[in-house]
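Heads up, work.txt below (compact mmCIF, C-alpha atoms):
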```txt
# COMPACT_ATOMS: atom_id res chain seq x y z
CA MET K 1 96.07 33.16 -241.00
CA GLY K 2 94.94 36.73 -240.78
CA ARG K 3 91.78 35.99 -242.75
CA PHE K 4 90.96 32.99 -240.61
CA THR K 5 91.44 34.99 -237.38
CA ALA K 6 89.23 37.78 -238.72
CA PHE K 7 86.60 35.20 -239.64
CA LEU K 8 86.68 33.64 -236.15
CA CYS K 9 86.48 37.03 -234.48
CA GLY K 10 83.51 37.99 -236.67
CA ALA K 11 81.74 34.70 -235.90
CA LEU K 12 82.38 35.16 -232.18
CA VAL K 13 80.88 38.68 -232.29
CA LEU K 14 77.77 37.33 -234.05
CA VAL K 15 77.32 34.60 -231.44
CA VAL K 16 77.69 37.06 -228.54
CA VAL K 17 75.26 39.56 -230.13
CA GLY K 18 72.83 36.76 -230.91
CA VAL K 19 72.86 35.54 -227.28
CA ALA K 20 72.39 39.09 -225.99
CA MET K 21 69.49 39.78 -228.35
CA GLY K 22 67.77 36.47 -227.70
CA GLY K 23 68.39 36.51 -223.90
CA GLU K 24 66.16 35.22 -221.14
CA SER K 25 63.07 37.17 -219.97
CA SER K 26 60.49 36.77 -217.28
CA THR K 27 57.15 38.43 -216.54
CA HIS K 28 54.67 38.64 -213.69
CA SER K 29 51.38 40.43 -213.02
CA VAL K 30 51.02 43.34 -210.62
CA THR K 31 47.54 43.98 -209.20
CA ILE K 32 46.85 47.44 -207.82
CA LYS K 33 44.07 47.60 -205.25
CA VAL K 34 42.76 50.92 -203.97
CA GLN K 35 41.61 50.26 -200.43
CA LYS K 36 39.04 52.12 -198.44
CA LEU K 37 40.54 54.65 -196.07
CA ASN K 38 39.52 54.97 -192.44
CA GLU K 39 41.85 56.59 -189.97
CA MET K 40 41.20 57.89 -186.48
CA VAL K 41 43.26 59.23 -183.58
CA VAL K 42 42.53 60.46 -180.07
CA THR K 43 44.81 63.35 -179.16
CA ARG K 44 46.42 63.74 -175.74
CA GLY K 45 46.30 60.07 -174.78
CA ASN K 46 45.37 59.16 -171.22
CA ILE K 47 43.41 61.72 -169.22
CA PRO K 48 42.14 61.98 -165.64
CA VAL K 49 38.45 62.60 -164.89
CA TYR K 50 37.66 63.64 -161.32
CA THR K 51 34.48 63.47 -159.30
CA THR K 52 33.75 64.07 -155.61
CA LEU K 53 31.23 62.75 -153.13
CA SER K 54 29.10 64.65 -150.67
CA GLU K 55 26.62 63.32 -148.12
CA LYS K 56 23.60 64.46 -150.12
CA LYS K 57 24.52 63.73 -153.73
CA SER K 58 27.36 63.15 -156.10
CA SER K 59 28.88 65.87 -158.19
CA ALA K 60 30.17 65.75 -161.72
CA MET K 61 33.48 67.18 -162.80
CA GLU K 62 34.90 67.50 -166.31
CA ASN K 63 38.32 66.85 -167.76
CA SER K 64 40.38 69.56 -169.41
CA PRO K 65 39.26 70.43 -172.96
CA ASN K 66 42.57 69.47 -174.61
CA CYS K 67 41.38 66.02 -175.71
CA ALA K 68 40.06 65.57 -179.26
CA LEU K 69 39.03 62.88 -181.72
CA LYS K 70 40.19 63.29 -185.34
CA TRP K 71 39.18 61.10 -188.25
CA MET K 72 39.41 60.70 -192.02
CA THR K 73 37.27 58.49 -194.22
CA ASP K 74 37.00 57.98 -197.95
CA ARG K 75 33.22 57.89 -198.28
CA SER K 76 29.97 58.73 -196.58
CA GLY K 77 27.77 56.10 -194.97
CA LYS K 78 30.03 55.77 -191.95
CA LYS K 79 29.60 56.43 -188.25
CA ILE K 80 31.75 56.34 -185.13
CA THR K 81 30.70 54.21 -182.19
CA VAL K 82 32.06 54.29 -178.65
CA THR K 83 32.38 51.60 -176.00
CA ILE K 84 34.15 51.04 -172.67
CA ASN K 85 36.16 47.95 -171.74
CA ARG K 86 34.23 47.14 -168.54
CA ALA K 87 31.30 48.41 -166.55
CA SER K 88 32.03 50.85 -163.77
CA THR K 89 31.01 49.79 -160.29
CA ASN K 90 31.44 53.20 -158.69
CA CYS K 91 30.31 55.80 -161.20
CA LYS K 92 28.86 56.65 -164.59
CA LEU K 93 31.35 57.83 -167.17
CA ARG K 94 29.94 59.94 -169.99
CA VAL K 95 31.49 61.45 -173.12
CA GLN K 96 30.19 64.20 -175.36
CA ALA K 97 31.46 65.42 -178.75
CA GLU K 98 31.73 69.21 -178.85
CA ASN K 99 32.68 71.53 -181.72
CA CYS K 100 32.04 68.66 -184.13
CA MET K 101 33.11 69.14 -187.77
CA GLY K 102 32.56 66.48 -190.45
CA GLY K 103 29.80 64.63 -188.62
CA ILE K 104 26.83 64.95 -186.27
CA SER K 105 27.29 64.46 -182.52
CA ALA K 106 25.00 62.01 -180.72
CA ASN K 107 25.11 64.36 -177.70
CA ARG K 108 26.16 62.98 -174.31
CA VAL K 109 26.68 59.21 -174.25
CA THR K 110 26.84 57.15 -171.06
CA LEU K 111 29.62 54.65 -171.75
CA THR K 112 28.76 50.94 -171.59
CA VAL K 113 30.31 47.69 -172.81
CA SER K 114 28.04 47.82 -175.88
CA ASP K 115 28.80 49.93 -178.95
CA GLN K 116 26.80 53.16 -179.00
CA ASP K 117 26.51 55.75 -181.77
CA PHE K 118 28.79 58.70 -181.07
CA ILE K 119 29.23 60.51 -184.43
CA THR K 120 26.79 59.97 -187.31
CA GLY K 121 26.28 61.65 -190.68
CA MET K 122 30.00 61.57 -191.45
CA SER K 123 31.07 63.31 -194.64
CA MET K 124 33.70 62.12 -197.12
CA ARG K 125 36.47 64.16 -195.61
CA ARG K 126 38.36 64.83 -192.47
CA GLY K 127 36.52 65.52 -189.27
CA MET K 128 37.16 66.22 -185.64
CA CYS K 129 35.52 66.99 -182.32
CA ASP K 130 36.57 67.88 -178.81
CA LEU K 131 35.94 65.15 -176.25
CA LYS K 132 34.31 66.19 -172.99
CA TYR K 133 34.23 63.49 -170.30
CA THR K 134 32.18 63.64 -167.10
CA ALA K 135 31.91 61.20 -164.22
CA ASN K 136 29.14 60.96 -161.64
CA ALA K 137 29.81 58.89 -158.53
CA ARG K 138 27.14 57.40 -156.35
CA VAL K 139 27.05 58.65 -152.78
CA SER K 140 27.20 55.12 -151.40
CA VAL K 141 30.43 54.12 -153.18
CA ARG K 142 33.89 54.01 -151.74
CA THR K 143 36.57 56.43 -152.85
CA GLY K 144 39.32 55.21 -155.12
CA THR K 145 40.48 55.08 -158.71
CA GLU K 146 39.13 53.19 -161.70
CA ILE K 147 40.91 52.95 -165.04
CA HIS K 148 38.87 52.32 -168.18
CA THR K 149 39.74 51.97 -171.85
CA VAL K 150 37.40 53.87 -174.16
CA THR K 151 37.33 52.63 -177.76
CA TYR K 152 36.11 54.62 -180.76
CA THR K 153 35.40 52.67 -183.97
CA ILE K 154 34.60 53.81 -187.53
CA THR K 155 31.97 51.49 -188.94
CA ASP K 156 29.44 51.31 -191.78
CA VAL K 157 25.92 52.56 -191.17
CA PHE K 158 23.58 49.56 -191.54
```

Rewrite the structure from the file as structure tokens, please.
Amino acid sequence: MGRFTAFLCGALVLVVVGVAMGGESSTHSVTIKVQKLNEMVVTRGNIPVYTTLSEKKSSAMENSPNCALKWMTDRSGKKITVTINRASTNCKLRVQAENCMGGISANRVTLTVSDQDFITGMSMRRGMCDLKYTANARVSVRTGTEIHTVTYTITDVF
């Protein structure tokens, strides 16, 4: 009986090893895609821009200089456009890029509901500029507050 038990144990070991060696497997494909990189942020969030009225003409006032636009892109051939969510009935809101690094400022832009070039000639690296807003109110308008959303967009140069 000892030989028969040894034989059964040996056969059982071979079956277990055979199942382990010839076990189930599964495969699948993994596709790696390197995507283009465009990131942008406006620092300091919401800001006030003040203007005053006089009887003869309107005056322009500027916001504090602590507002900036920072961007990063993976290739040249890009630009940044700017637009406003709705037309202003009481004043003209303008923005200018100052101390621009990594692109060329389009100088002072009067904001409209249509995209306008703001930064051109962007390089393949990080860039930034200070944002300087000004508002000019018409003498004939009423006093009050308007809130606008200004949108900056990285886009391809066509």

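Look at segment 85-98 of chain K: the protein and nucleic acid residues within 8 Å of it, using all atoms listed in the file and passing over chain neighbours fewer than 5 places away, are Ser105, Ala106, Asn107, Arg108, Val109, Thr110, Leu111, Thr112, Val113, Phe118, Ile119, Cys129, Asp130, Leu131, Lys132, Tyr133, Thr134, Ala135, Asn136, Ala137, Arg138, Val141, Arg142, Glu146, His148, Thr149, Val150 and Thr151 of chain K.
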
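Computed from the coordinates, the atom CA of Met40 of chain K to atom CA of Ile147 of chain K distance equals 22.0 Å.
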
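Distance annotation: of K:Gly77, K:Gly127, K:Gly121, K:Pro48, the residue with the minimal separation from Met101 of chain K is K:Gly127; atom set is only C-alpha atoms.
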
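Going from atom CA of Asn46 of chain K over to atom CA of Thr120 of chain K, you cover 24.6 Å.
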
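Put simply, atom CA of Val82 of chain K is 8.1 Å away from atom CA of Ser114 of chain K.
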
From the list K:Cys67, K:Ile47, K:Cys100, K:Ile80, which residue is nearest Thr153 of chain K when using all atoms listed in the file?
K:Ile80

Taking all atoms of segment 96-103 of chain K that the file lists and extending 4 Å past them on each side, where is the centre of the axis-aligned box and how long are its edges? Answer in Å to one decimal, as AutoDock Vina command-line options.
```
--center_x 31.5 --center_y 67.9 --center_z -182.9 --size_x 11.3 --size_y 15.3 --size_z 23.1
```
